[in-house]
file start05.pdb (PDB, C-alpha atoms, pLDDT in the B column)
ATOM      1  CA  MET K  23      76.759 101.803  82.331  1.00 54.00           C
ATOM      2  CA  THR K  24      76.574 100.923  86.028  1.00 59.00           C
ATOM      3  CA  GLU K  25      73.774 102.064  88.325  1.00 57.00           C
ATOM      4  CA  GLN K  26      76.184 104.541  89.946  1.00 57.00           C
ATOM      5  CA  THR K  27      77.320 106.111  86.677  1.00 56.00           C
ATOM      6  CA  ALA K  28      73.724 106.244  85.417  1.00 50.00           C
ATOM      7  CA  HIS K  29      72.723 108.306  88.427  1.00 49.00           C
ATOM      8  CA  ALA K  30      75.738 110.589  87.901  1.00 53.00           C
ATOM      9  CA  ALA K  31      74.822 111.049  84.236  1.00 50.00           C
ATOM     10  CA  ALA K  32      71.362 112.132  85.355  1.00 40.00           C
ATOM     11  CA  GLY K  33      72.916 114.918  87.407  1.00 46.00           C
ATOM     12  CA  GLU K  34      72.788 113.155  90.759  1.00 67.00           C
ATOM     13  CA  ARG K  35      75.752 113.004  93.103  1.00 83.00           C
ATOM     14  CA  LEU K  36      77.831 109.914  92.404  1.00 95.00           C
ATOM     15  CA  LEU K  37      78.166 107.582  95.365  1.00 97.00           C
ATOM     16  CA  VAL K  38      80.138 104.336  95.246  1.00 98.00           C
ATOM     17  CA  PRO K  39      79.333 102.651  98.577  1.00 98.00           C
ATOM     18  CA  ASP K  40      81.791  99.778  98.805  1.00 98.00           C
ATOM     19  CA  ALA K  41      84.490  97.672  97.154  1.00 98.00           C
ATOM     20  CA  LYS K  42      81.933  95.583  95.259  1.00 97.00           C
ATOM     21  CA  ALA K  43      80.468  98.684  93.619  1.00 98.00           C
ATOM     22  CA  PHE K  44      83.965 100.012  93.035  1.00 98.00           C
ATOM     23  CA  ARG K  45      84.811  96.988  90.887  1.00 97.00           C
ATOM     24  CA  GLU K  46      81.804  97.783  88.694  1.00 97.00           C
ATOM     25  CA  MET K  47      83.010 101.321  88.000  1.00 98.00           C
ATOM     26  CA  PRO K  48      84.833 102.300  84.773  1.00 98.00           C
ATOM     27  CA  ASP K  49      88.591 101.774  84.613  1.00 98.00           C
ATOM     28  CA  GLU K  50      89.211 105.519  84.721  1.00 98.00           C
ATOM     29  CA  TYR K  51      87.445 105.824  88.068  1.00 98.00           C
ATOM     30  CA  GLN K  52      89.242 102.830  89.525  1.00 98.00           C
ATOM     31  CA  GLU K  53      92.652 104.078  88.398  1.00 97.00           C
ATOM     32  CA  LEU K  54      92.039 107.522  89.913  1.00 98.00           C
ATOM     33  CA  VAL K  55      90.968 106.084  93.256  1.00 98.00           C
ATOM     34  CA  ILE K  56      93.970 103.766  93.437  1.00 97.00           C
ATOM     35  CA  HIS K  57      96.400 106.548  92.536  1.00 95.00           C
ATOM     36  CA  GLN K  58      94.883 108.939  95.075  1.00 96.00           C
ATOM     37  CA  LEU K  59      94.813 106.388  97.875  1.00 96.00           C
ATOM     38  CA  ARG K  60      98.328 105.128  97.230  1.00 94.00           C
ATOM     39  CA  ALA K  61      99.659 108.685  97.346  1.00 93.00           C
ATOM     40  CA  HIS K  62      97.704 109.472 100.507  1.00 94.00           C
ATOM     41  CA  THR K  63      98.701 106.263 102.273  1.00 95.00           C
ATOM     42  CA  GLU K  64     102.362 106.618 101.385  1.00 93.00           C
ATOM     43  CA  GLY K  65     102.291 110.248 102.511  1.00 92.00           C
ATOM     44  CA  GLU K  66     100.920 109.291 105.918  1.00 94.00           C
ATOM     45  CA  LEU K  67     103.605 106.644 106.386  1.00 94.00           C
ATOM     46  CA  THR K  68     106.302 109.101 105.388  1.00 91.00           C
ATOM     47  CA  GLY K  69     104.809 111.608 107.828  1.00 92.00           C
ATOM     48  CA  ALA K  70     105.295 109.116 110.650  1.00 94.00           C
ATOM     49  CA  ASP K  71     108.928 108.644 109.632  1.00 91.00           C
ATOM     50  CA  ASP K  72     109.464 112.405 109.462  1.00 91.00           C
ATOM     51  CA  TYR K  73     108.174 112.957 112.986  1.00 94.00           C
ATOM     52  CA  ILE K  74     110.462 110.287 114.442  1.00 94.00           C
ATOM     53  CA  GLN K  75     113.560 110.686 112.283  1.00 91.00           C
ATOM     54  CA  ILE K  76     113.621 114.472 111.840  1.00 92.00           C
ATOM     55  CA  PHE K  77     111.440 116.306 114.354  1.00 95.00           C
ATOM     56  CA  TYR K  78     111.902 114.173 117.471  1.00 96.00           C
ATOM     57  CA  PRO K  79     115.696 114.625 117.662  1.00 96.00           C
ATOM     58  CA  MET K  80     115.441 118.423 117.350  1.00 96.00           C
ATOM     59  CA  ALA K  81     112.579 118.846 119.852  1.00 97.00           C
ATOM     60  CA  PRO K  82     113.799 121.191 122.620  1.00 96.00           C
ATOM     61  CA  THR K  83     111.928 119.675 125.576  1.00 97.00           C
ATOM     62  CA  ALA K  84     110.637 116.337 126.821  1.00 98.00           C
ATOM     63  CA  PHE K  85     107.086 117.581 126.279  1.00 97.00           C
ATOM     64  CA  GLU K  86     107.744 118.418 122.638  1.00 97.00           C
ATOM     65  CA  ARG K  87     109.378 115.016 122.108  1.00 97.00           C
ATOM     66  CA  LYS K  88     106.301 113.371 123.612  1.00 97.00           C
ATOM     67  CA  VAL K  89     104.073 115.310 121.203  1.00 96.00           C
ATOM     68  CA  CYS K  90     106.232 114.241 118.250  1.00 96.00           C
ATOM     69  CA  CYS K  91     105.716 110.606 119.269  1.00 97.00           C
ATOM     70  CA  GLU K  92     101.975 111.164 119.486  1.00 97.00           C
ATOM     71  CA  ARG K  93     101.906 112.771 116.041  1.00 96.00           C
ATOM     72  CA  ALA K  94     103.957 109.903 114.586  1.00 97.00           C
ATOM     73  CA  ALA K  95     101.526 107.347 116.047  1.00 98.00           C
ATOM     74  CA  GLU K  96      98.615 109.227 114.488  1.00 97.00           C
ATOM     75  CA  GLU K  97     100.307 109.307 111.097  1.00 96.00           C
ATOM     76  CA  MET K  98     100.910 105.566 111.316  1.00 97.00           C
ATOM     77  CA  ASP K  99      97.257 105.059 112.191  1.00 97.00           C
ATOM     78  CA  HIS K 100      96.324 107.044 109.073  1.00 97.00           C
ATOM     79  CA  TYR K 101      98.559 104.753 107.018  1.00 96.00           C
ATOM     80  CA  ILE K 102      96.828 101.717 108.493  1.00 97.00           C
ATOM     81  CA  ARG K 103      93.399 103.161 107.657  1.00 97.00           C
ATOM     82  CA  GLY K 104      94.408 103.941 104.082  1.00 97.00           C
ATOM     83  CA  LYS K 105      95.987 100.510 103.708  1.00 97.00           C
ATOM     84  CA  ALA K 106      92.728  98.875 104.816  1.00 97.00           C
ATOM     85  CA  VAL K 107      90.743 100.700 102.126  1.00 98.00           C
ATOM     86  CA  LEU K 108      93.281  99.652  99.504  1.00 97.00           C
ATOM     87  CA  ASP K 109      93.319  96.052 100.785  1.00 97.00           C
ATOM     88  CA  ASP K 110      89.572  95.864 100.151  1.00 97.00           C
ATOM     89  CA  ILE K 111      90.097  96.596  96.466  1.00 97.00           C
ATOM     90  CA  GLY K 112      93.041  94.249  96.104  1.00 97.00           C
ATOM     91  CA  ILE K 113      95.945  96.707  96.398  1.00 96.00           C
ATOM     92  CA  ASP K 114      98.671  95.744  98.882  1.00 93.00           C
ATOM     93  CA  THR K 115     100.806  98.567 100.314  1.00 91.00           C
ATOM     94  CA  ALA K 116     102.711  96.547 102.927  1.00 91.00           C
ATOM     95  CA  TYR K 117     105.816  96.889 100.734  1.00 90.00           C
ATOM     96  CA  MET K 118     105.967 100.573 101.687  1.00 90.00           C
ATOM     97  CA  LEU K 119     107.052  99.615 105.198  1.00 90.00           C
ATOM     98  CA  GLN K 120     110.220  98.068 103.785  1.00 89.00           C
ATOM     99  CA  GLN K 121     111.116 100.974 101.512  1.00 82.00           C
ATOM    100  CA  HIS K 122     113.750 103.578 102.182  1.00 78.00           C
ATOM    101  CA  LEU K 123     112.341 107.083 101.952  1.00 72.00           C
ATOM    102  CA  ASP K 124     114.220 107.647  98.696  1.00 73.00           C
ATOM    103  CA  GLN K 125     112.384 104.695  97.152  1.00 74.00           C
ATOM    104  CA  ARG K 126     108.907 106.026  97.799  1.00 77.00           C
ATOM    105  CA  GLU K 127     107.100 107.105  94.676  1.00 72.00           C
ATOM    106  CA  PHE K 128     104.864 109.941  95.827  1.00 70.00           C
ATOM    107  CA  TYR K 129     106.300 111.586  98.961  1.00 60.00           C
ATOM    108  CA  ARG K 130     110.044 111.905  99.168  1.00 57.00           C
ATOM    109  CA  THR K 131     109.574 115.147 101.163  1.00 59.00           C
ATOM    110  CA  GLU K 132     112.782 116.839 100.064  1.00 67.00           C
ATOM    111  CA  GLY K 133     111.537 120.054 101.679  1.00 74.00           C
ATOM    112  CA  VAL K 134     110.981 118.344 105.003  1.00 82.00           C
ATOM    113  CA  ARG K 135     114.390 116.688 104.821  1.00 81.00           C
ATOM    114  CA  ARG K 136     115.971 120.143 104.608  1.00 85.00           C
ATOM    115  CA  ILE K 137     114.382 121.341 107.860  1.00 91.00           C
ATOM    116  CA  GLU K 138     117.197 122.075 110.285  1.00 90.00           C
ATOM    117  CA  ASN K 139     115.599 123.655 113.356  1.00 96.00           C
ATOM    118  CA  TRP K 140     112.499 123.723 115.541  1.00 97.00           C
ATOM    119  CA  LEU K 141     111.090 126.832 113.878  1.00 97.00           C
ATOM    120  CA  GLY K 142     111.236 125.068 110.522  1.00 96.00           C
ATOM    121  CA  ARG K 143     109.448 122.113 112.066  1.00 95.00           C
ATOM    122  CA  GLY K 144     106.719 124.437 113.374  1.00 97.00           C
ATOM    123  CA  MET K 145     106.300 126.178 110.035  1.00 97.00           C
ATOM    124  CA  PHE K 146     106.010 122.830 108.270  1.00 93.00           C
ATOM    125  CA  SER K 147     103.077 121.784 110.446  1.00 95.00           C
ATOM    126  CA  PHE K 148     101.476 125.227 110.468  1.00 97.00           C
ATOM    127  CA  ILE K 149     101.254 125.711 106.710  1.00 97.00           C
ATOM    128  CA  GLY K 150     102.481 122.441 105.145  1.00 94.00           C
ATOM    129  CA  GLU K 151     100.188 120.147 107.075  1.00 95.00           C
ATOM    130  CA  ALA K 152      97.406 122.718 106.670  1.00 97.00           C
ATOM    131  CA  ALA K 153      97.760 122.268 102.903  1.00 96.00           C
ATOM    132  CA  VAL K 154      97.516 118.503 103.304  1.00 95.00           C
ATOM    133  CA  LEU K 155      94.499 118.955 105.590  1.00 96.00           C
ATOM    134  CA  ALA K 156      92.757 121.012 102.896  1.00 97.00           C
ATOM    135  CA  GLN K 157      93.174 118.110 100.488  1.00 96.00           C
ATOM    136  CA  ILE K 158      91.903 115.599 103.048  1.00 97.00           C
ATOM    137  CA  HIS K 159      88.813 117.763 103.560  1.00 97.00           C
ATOM    138  CA  GLU K 160      88.130 117.295  99.855  1.00 97.00           C
ATOM    139  CA  MET K 161      88.609 113.547 100.193  1.00 97.00           C
ATOM    140  CA  SER K 162      86.083 113.513 103.051  1.00 97.00           C
ATOM    141  CA  LYS K 163      83.415 114.332 100.441  1.00 97.00           C
ATOM    142  CA  SER K 164      84.630 111.632  98.059  1.00 98.00           C
ATOM    143  CA  SER K 165      82.216 109.746  95.835  1.00 98.00           C
ATOM    144  CA  TYR K 166      83.956 106.582  97.026  1.00 98.00           C
ATOM    145  CA  LYS K 167      82.396 106.153 100.471  1.00 98.00           C
ATOM    146  CA  PRO K 168      85.239 104.154 102.090  1.00 98.00           C
ATOM    147  CA  ILE K 169      87.555 107.123 101.430  1.00 98.00           C
ATOM    148  CA  ALA K 170      85.084 109.583 102.916  1.00 97.00           C
ATOM    149  CA  ASP K 171      84.577 107.386 105.988  1.00 97.00           C
ATOM    150  CA  MET K 172      88.338 106.985 106.452  1.00 96.00           C
ATOM    151  CA  CYS K 173      88.859 110.738 106.562  1.00 96.00           C
ATOM    152  CA  THR K 174      86.682 111.481 109.608  1.00 93.00           C
ATOM    153  CA  SER K 175      89.247 110.637 112.295  1.00 93.00           C
ATOM    154  CA  VAL K 176      92.172 111.691 110.081  1.00 96.00           C
ATOM    155  CA  ILE K 177      90.823 115.250 109.898  1.00 97.00           C
ATOM    156  CA  ILE K 178      90.560 115.488 113.689  1.00 96.00           C
ATOM    157  CA  ASP K 179      94.186 114.410 114.091  1.00 96.00           C
ATOM    158  CA  GLU K 180      95.470 116.692 111.347  1.00 95.00           C
ATOM    159  CA  HIS K 181      93.822 119.727 112.953  1.00 96.00           C
ATOM    160  CA  ASN K 182      95.918 118.965 116.046  1.00 94.00           C
ATOM    161  CA  HIS K 183      99.069 118.746 113.898  1.00 95.00           C
ATOM    162  CA  VAL K 184      98.403 122.156 112.379  1.00 97.00           C
ATOM    163  CA  ALA K 185      97.597 123.620 115.801  1.00 96.00           C
ATOM    164  CA  GLN K 186     100.929 122.453 117.222  1.00 95.00           C
ATOM    165  CA  GLY K 187     102.754 124.045 114.311  1.00 97.00           C
ATOM    166  CA  TYR K 188     100.852 127.294 114.785  1.00 98.00           C
ATOM    167  CA  ARG K 189     101.728 127.318 118.485  1.00 97.00           C
ATOM    168  CA  ILE K 190     105.432 126.871 117.764  1.00 98.00           C
ATOM    169  CA  VAL K 191     105.488 129.664 115.169  1.00 98.00           C
ATOM    170  CA  TRP K 192     103.422 131.933 117.440  1.00 98.00           C
ATOM    171  CA  GLU K 193     105.973 131.508 120.224  1.00 97.00           C
ATOM    172  CA  TYR K 194     108.781 132.624 117.918  1.00 98.00           C
ATOM    173  CA  CYS K 195     106.783 135.617 116.720  1.00 98.00           C
ATOM    174  CA  GLN K 196     106.595 137.112 120.222  1.00 97.00           C
ATOM    175  CA  THR K 197     110.035 138.707 119.864  1.00 97.00           C
ATOM    176  CA  GLU K 198     111.396 140.989 117.157  1.00 97.00           C
ATOM    177  CA  GLU K 199     114.227 138.596 116.347  1.00 98.00           C
ATOM    178  CA  GLY K 200     111.916 135.599 116.336  1.00 98.00           C
ATOM    179  CA  LEU K 201     109.478 137.370 114.044  1.00 98.00           C
ATOM    180  CA  LYS K 202     112.286 138.093 111.615  1.00 98.00           C
ATOM    181  CA  ASP K 203     113.385 134.456 111.694  1.00 98.00           C
ATOM    182  CA  ALA K 204     109.802 133.285 111.195  1.00 98.00           C
ATOM    183  CA  GLN K 205     109.401 135.513 108.139  1.00 98.00           C
ATOM    184  CA  ALA K 206     112.574 134.085 106.631  1.00 97.00           C
ATOM    185  CA  MET K 207     111.341 130.552 107.307  1.00 97.00           C
ATOM    186  CA  LEU K 208     107.976 131.353 105.748  1.00 97.00           C
ATOM    187  CA  GLU K 209     109.741 132.519 102.586  1.00 95.00           C
ATOM    188  CA  LYS K 210     111.392 129.092 102.332  1.00 94.00           C
ATOM    189  CA  ALA K 211     108.333 127.035 103.215  1.00 94.00           C
ATOM    190  CA  TRP K 212     105.715 128.904 101.182  1.00 95.00           C
ATOM    191  CA  PRO K 213     106.606 127.720  97.642  1.00 93.00           C
ATOM    192  CA  ILE K 214     107.104 124.141  98.857  1.00 92.00           C
ATOM    193  CA  THR K 215     103.679 124.258 100.493  1.00 94.00           C
ATOM    194  CA  LEU K 216     101.921 125.610  97.417  1.00 94.00           C
ATOM    195  CA  ASP K 217     103.593 122.957  95.274  1.00 91.00           C
ATOM    196  CA  LEU K 218     101.905 120.283  97.393  1.00 91.00           C
ATOM    197  CA  PHE K 219      98.736 120.930  95.396  1.00 93.00           C
ATOM    198  CA  GLY K 220     100.432 119.800  92.188  1.00 90.00           C
ATOM    199  CA  SER K 221     100.659 121.301  88.732  1.00 90.00           C
ATOM    200  CA  SER K 222      97.920 123.599  87.470  1.00 90.00           C
ATOM    201  CA  GLU K 223      98.280 121.850  84.099  1.00 91.00           C
ATOM    202  CA  SER K 224      97.688 118.365  85.498  1.00 92.00           C
ATOM    203  CA  LYS K 225      95.483 116.284  83.202  1.00 93.00           C
ATOM    204  CA  ARG K 226      94.448 114.049  86.093  1.00 94.00           C
ATOM    205  CA  SER K 227      93.207 116.941  88.264  1.00 95.00           C
ATOM    206  CA  PRO K 228      89.953 117.711  86.356  1.00 96.00           C
ATOM    207  CA  LEU K 229      89.190 113.995  86.148  1.00 97.00           C
ATOM    208  CA  TYR K 230      89.118 113.803  89.935  1.00 97.00           C
ATOM    209  CA  VAL K 231      86.548 116.588  89.951  1.00 97.00           C
ATOM    210  CA  LYS K 232      84.561 114.911  87.173  1.00 97.00           C
ATOM    211  CA  TRP K 233      84.187 111.715  89.201  1.00 98.00           C
ATOM    212  CA  GLY K 234      83.501 113.420  92.534  1.00 98.00           C
ATOM    213  CA  LEU K 235      86.767 112.297  94.099  1.00 98.00           C
ATOM    214  CA  ARG K 236      87.731 115.932  94.641  1.00 97.00           C
ATOM    215  CA  GLN K 237      85.793 119.191  94.568  1.00 97.00           C
ATOM    216  CA  TYR K 238      88.455 121.432  93.039  1.00 97.00           C
ATOM    217  CA  THR K 239      91.228 121.300  90.476  1.00 97.00           C
ATOM    218  CA  ASN K 240      94.807 121.724  91.679  1.00 95.00           C
ATOM    219  CA  GLU K 241      94.870 125.449  90.979  1.00 95.00           C
ATOM    220  CA  GLU K 242      91.420 126.030  92.483  1.00 97.00           C
ATOM    221  CA  ALA K 243      92.418 124.152  95.634  1.00 97.00           C
ATOM    222  CA  ARG K 244      95.688 126.097  95.836  1.00 96.00           C
ATOM    223  CA  ARG K 245      93.913 129.444  95.578  1.00 96.00           C
ATOM    224  CA  ARG K 246      91.336 128.456  98.173  1.00 97.00           C
ATOM    225  CA  PHE K 247      94.131 127.442 100.524  1.00 98.00           C
ATOM    226  CA  ILE K 248      95.933 130.763 100.054  1.00 97.00           C
ATOM    227  CA  ALA K 249      92.729 132.638 100.869  1.00 97.00           C
ATOM    228  CA  GLN K 250      92.149 130.527 103.981  1.00 97.00           C
ATOM    229  CA  ILE K 251      95.685 130.523 105.399  1.00 97.00           C
ATOM    230  CA  THR K 252      96.608 134.163 104.691  1.00 97.00           C
ATOM    231  CA  PRO K 253      94.637 135.681 107.623  1.00 97.00           C
ATOM    232  CA  ARG K 254      96.196 133.177 110.031  1.00 97.00           C
ATOM    233  CA  VAL K 255      99.675 134.051 108.784  1.00 98.00           C
ATOM    234  CA  GLU K 256      99.095 137.796 108.895  1.00 98.00           C
ATOM    235  CA  VAL K 257      97.711 137.798 112.438  1.00 98.00           C
ATOM    236  CA  LEU K 258     101.167 136.632 113.561  1.00 98.00           C
ATOM    237  CA  GLY K 259     102.722 139.725 111.995  1.00 98.00           C
ATOM    238  CA  LEU K 260     104.066 137.806 108.995  1.00 98.00           C
ATOM    239  CA  LYS K 261     103.725 138.727 105.335  1.00 97.00           C
ATOM    240  CA  VAL K 262     102.559 136.097 102.860  1.00 96.00           C
ATOM    241  CA  PRO K 263     105.038 135.766  99.941  1.00 95.00           C
ATOM    242  CA  GLU K 264     104.035 136.013  96.305  1.00 92.00           C
ATOM    243  CA  ALA K 265     102.267 132.881  95.139  1.00 87.00           C
ATOM    244  CA  GLU K 266     104.509 132.382  92.086  1.00 83.00           C
ATOM    245  CA  ALA K 267     107.860 132.994  93.764  1.00 76.00           C
ATOM    246  CA  ASN K 268     110.345 130.072  93.700  1.00 74.00           C
ATOM    247  CA  ARG K 269     107.660 127.570  92.724  1.00 78.00           C
ATOM    248  CA  LYS K 270     108.391 124.211  91.119  1.00 75.00           C
ATOM    249  CA  PHE K 271     104.819 123.593  89.928  1.00 68.00           C
ATOM    250  CA  LEU K 272     102.787 126.433  88.437  1.00 62.00           C
TER
END

call {"tool": "encode", "arguments": {"input": "start05.pdb", "output": "C-alpha cells"}}
result
Amino acid sequence: MTEQTAHAAAGERLLVPDAKAFREMPDEYQELVIHQLRAHTEGELTGADDYIQIFYPMAPTAFERKVCCERAAEEMDHYIRGKAVLDDIGIDTAYMLQQHLDQREFYRTEGVRRIENWLGRGMFSFIGEAAVLAQIHEMSKSSYKPIADMCTSVIIDEHNHVAQGYRIVWEYCQTEEGLKDAQAMLEKAWPITLDLFGSSESKRSPLYVKWGLRQYTNEEARRRFIAQITPRVEVLGLKVPEAEANRKFL
C-alpha cells in the first residue's frame, strides 16, 4: 500500500501530487486517470476542429467568425495542457493530430456534425458545452493534482464558451418565431447533451468516485446538471424536455 492509498484508507482525502507518485498508485487508479485524460484531451482537440470546420463557415458576421477563431485557439490550448499531463506519465497523444475525426476513439461528435445553422451552434455551446464544463469542474477537484491544476484556466475559457452560446440563443428568443425555433432546437440538443454524461450503468463511473477522480457518478452528475441548467433555459421562455426522451444512454 502506498502512502497515498494508506491515507485514503484512513478516511483522508486522497492526493497524488505528481507523476512520480502516480506511478506508485495501483493499476486501477492509473488506468482510470489515463482513460479520463485521453478522453478529455481528445475532446478538446475535436472541439477546436469543430469551431473551425463547422461553426466558422456558418458564422453570420465577421465578429462571430473572430470569436469562433478565439474559441478554437482556446480548445487547442486545452489539448496542449492535457497532452502535457499525459506526457509526464508516458502517454503520447500527438497521434491525435494526424487522425481524421472519424478515427477518434472518444469524441466523434455526431451530434455536432449534424448542426446546420447558427442557432444550433448557439444551443450546442449553451447547453452542450455547459455539460462538459460541469464535468471539468469535477476534474478540478481531482485527487491527481496535475489534472486539478490543468483545469483552472480551462474552466475560465469554458465559461466564455457557454456565455457565447447563451447570448446567441437569447438573441433568437427575442421574437416569437425565434423562440419557436429555439424550442425545436432544444428538443434536438437535449438528449445529446444528457448523453454526454455517459451510461448510468457504467462500471467505471463509481470507480472514479472511489478514487477521488470525480465527485459524482454519471447519473448523479447528469441530475445535478439538469437542476443547474433548467432555470437558465426557462428564463429564456423555453421548456426543458423530458430527461428520458430520445436518449441513447440511460

call {"tool": "residues_near_point", "arguments": {"input": "start05.pdb", "point": "(104.9, 107.6, 108.5)", "cutoff": "9 Å", "atoms": "only C-alpha atoms", "output": "list of chain:residue names"}}
result
K:Thr63, K:Glu64, K:Gly65, K:Glu66, K:Leu67, K:Thr68, K:Gly69, K:Ala70, K:Asp71, K:Asp72, K:Tyr73, K:Ile74, K:Ala94, K:Ala95, K:Glu96, K:Glu97, K:Met98, K:Asp99, K:His100, K:Tyr101, K:Leu119

call {"tool": "atom_distance", "arguments": {"input": "start05.pdb", "atom1": "atom CA of K:Asp110", "atom2": "atom CA of K:Leu37"}}
result
17.0 Å

call {"tool": "residues_around", "arguments": {"input": "start05.pdb", "residues": "stretch 178-190 of chain K", "least_positions_apart": "4", "cutoff": "9 Å", "atoms": "all atoms listed in the file", "output": "JSON, numbers by chain"}}
result
{"K": [89, 93, 96, 97, 140, 141, 143, 144, 145, 146, 147, 148, 149, 150, 151, 152, 154, 155, 173, 174, 194, 195, 254]}

call {"tool": "closest_residue", "arguments": {"input": "start05.pdb", "among": "K:Ile169, K:Ala249, K:Leu229, K:Met80", "to": "K:Pro39", "atoms": "only C-alpha atoms"}}
result
K:Ile169

call {"tool": "atom_distance", "arguments": {"input": "start05.pdb", "atom1": "atom CA of K:Trp212", "atom2": "atom CA of K:Ala267"}}
result
8.7 Å

call {"tool": "atom_distance", "arguments": {"input": "start05.pdb", "atom1": "atom CA of K:Pro263", "atom2": "atom CA of K:Thr215"}}
result
11.6 Å

call {"tool": "resolve_selection", "arguments": {"input": "start05.pdb", "expression": "the PyMOL selection byres ((chain K and resi 45-61) around 9)", "output": "JSON, numbers by chain"}}
result
{"K": [23, 24, 26, 27, 38, 40, 41, 42, 43, 44, 62, 63, 64, 65, 66, 104, 105, 107, 108, 111, 113, 115, 127, 128, 129, 166, 169, 226, 229, 230, 233, 235]}

call {"tool": "residues_around", "arguments": {"input": "start05.pdb", "residues": "K:Ile251", "least_positions_apart": "4", "cutoff": "9 Å", "atoms": "all atoms listed in the file", "output": "compact mmCIF listing (two decimals) with C-alpha atoms, in the frame of the given file"}}
result
# COMPACT_ATOMS: atom_id res chain seq x y z
CA ILE K 149 101.25 125.71 106.71
CA ALA K 152 97.41 122.72 106.67
CA ALA K 153 97.76 122.27 102.90
CA ARG K 246 91.34 128.46 98.17
CA PHE K 247 94.13 127.44 100.52
CA VAL K 255 99.68 134.05 108.78
CA GLU K 256 99.10 137.80 108.90

call {"tool": "closest_residue", "arguments": {"input": "start05.pdb", "among": "K:Gln75, K:Gln157, K:Asn268, K:Gln205", "to": "K:Ala243", "atoms": "only C-alpha atoms"}}
result
K:Gln157

call {"tool": "resolve_selection", "arguments": {"input": "start05.pdb", "expression": "the PyMOL selection byres ((chain K and resi 223) around 10)", "output": "VMD selection string"}}
result
chain K and resid 220 to 222 224 to 228 239 to 241 271 to 272

call {"tool": "closest_residue", "arguments": {"input": "start05.pdb", "among": "K:Gly133, K:Asp124, K:Leu208, K:Gly234", "to": "K:Ala170", "atoms": "only C-alpha atoms"}}
result
K:Gly234

call {"tool": "axis_aligned_box", "arguments": {"input": "start05.pdb", "around": "stretch 219-236 of chain K", "padding_each_side": "5 Å", "output": "lines of an AutoDock Vina configuration file"}}
result
center_x = 92.1
center_y = 117.7
center_z = 89.3
size_x = 27.2
size_y = 21.9
size_z = 22.2

call {"tool": "closest_residue", "arguments": {"input": "start05.pdb", "among": "K:Asp217, K:Glu209, K:Glu160, K:Glu193", "to": "K:Glu264", "atoms": "all atoms listed in the file"}}
result
K:Glu209

call {"tool": "decode", "arguments": {"input": "start05.pdb", "residues": "stretch 151-162 of chain K", "atoms": "N, CA and C atoms", "output": "mmCIF file, in the first residue's frame"}}
result
data_model
loop_
_atom_site.group_PDB
_atom_site.id
_atom_site.type_symbol
_atom_site.label_atom_id
_atom_site.label_comp_id
_atom_site.auth_asym_id
_atom_site.auth_seq_id
_atom_site.Cartn_x
_atom_site.Cartn_y
_atom_site.Cartn_z
ATOM 1 N N GLU K 151 -21.761 22.570 -24.154
ATOM 2 C CA GLU K 151 -20.501 22.909 -23.508
ATOM 3 C C GLU K 151 -20.695 23.143 -22.011
ATOM 4 N N ALA K 152 -21.909 23.503 -21.602
ATOM 5 C CA ALA K 152 -22.191 23.604 -20.164
ATOM 6 C C ALA K 152 -22.095 22.234 -19.506
ATOM 7 N N ALA K 153 -22.526 21.191 -20.210
ATOM 8 C CA ALA K 153 -22.417 19.831 -19.680
ATOM 9 C C ALA K 153 -20.952 19.426 -19.554
ATOM 10 N N VAL K 154 -20.154 19.771 -20.547
ATOM 11 C CA VAL K 154 -18.725 19.481 -20.483
ATOM 12 C C VAL K 154 -18.080 20.269 -19.341
ATOM 13 N N LEU K 155 -18.487 21.530 -19.181
ATOM 14 C CA LEU K 155 -17.949 22.359 -18.106
ATOM 15 C C LEU K 155 -18.245 21.750 -16.739
ATOM 16 N N ALA K 156 -19.440 21.186 -16.567
ATOM 17 C CA ALA K 156 -19.787 20.548 -15.302
ATOM 18 C C ALA K 156 -18.828 19.410 -14.988
ATOM 19 N N GLN K 157 -18.445 18.665 -16.019
ATOM 20 C CA GLN K 157 -17.513 17.556 -15.818
ATOM 21 C C GLN K 157 -16.097 18.060 -15.526
ATOM 22 N N ILE K 158 -15.717 19.173 -16.139
ATOM 23 C CA ILE K 158 -14.396 19.737 -15.878
ATOM 24 C C ILE K 158 -14.324 20.303 -14.460
ATOM 25 N N HIS K 159 -15.433 20.833 -13.967
ATOM 26 C CA HIS K 159 -15.478 21.286 -12.573
ATOM 27 C C HIS K 159 -15.181 20.116 -11.627
ATOM 28 N N GLU K 160 -15.703 18.946 -11.943
ATOM 29 C CA GLU K 160 -15.380 17.772 -11.136
ATOM 30 C C GLU K 160 -13.897 17.448 -11.220
ATOM 31 N N MET K 161 -13.348 17.516 -12.416
ATOM 32 C CA MET K 161 -11.922 17.223 -12.596
ATOM 33 C C MET K 161 -11.040 18.222 -11.852
ATOM 34 N N SER K 162 -11.537 19.439 -11.642
ATOM 35 C CA SER K 162 -10.744 20.452 -10.941
ATOM 36 C C SER K 162 -10.549 20.109 -9.471
#
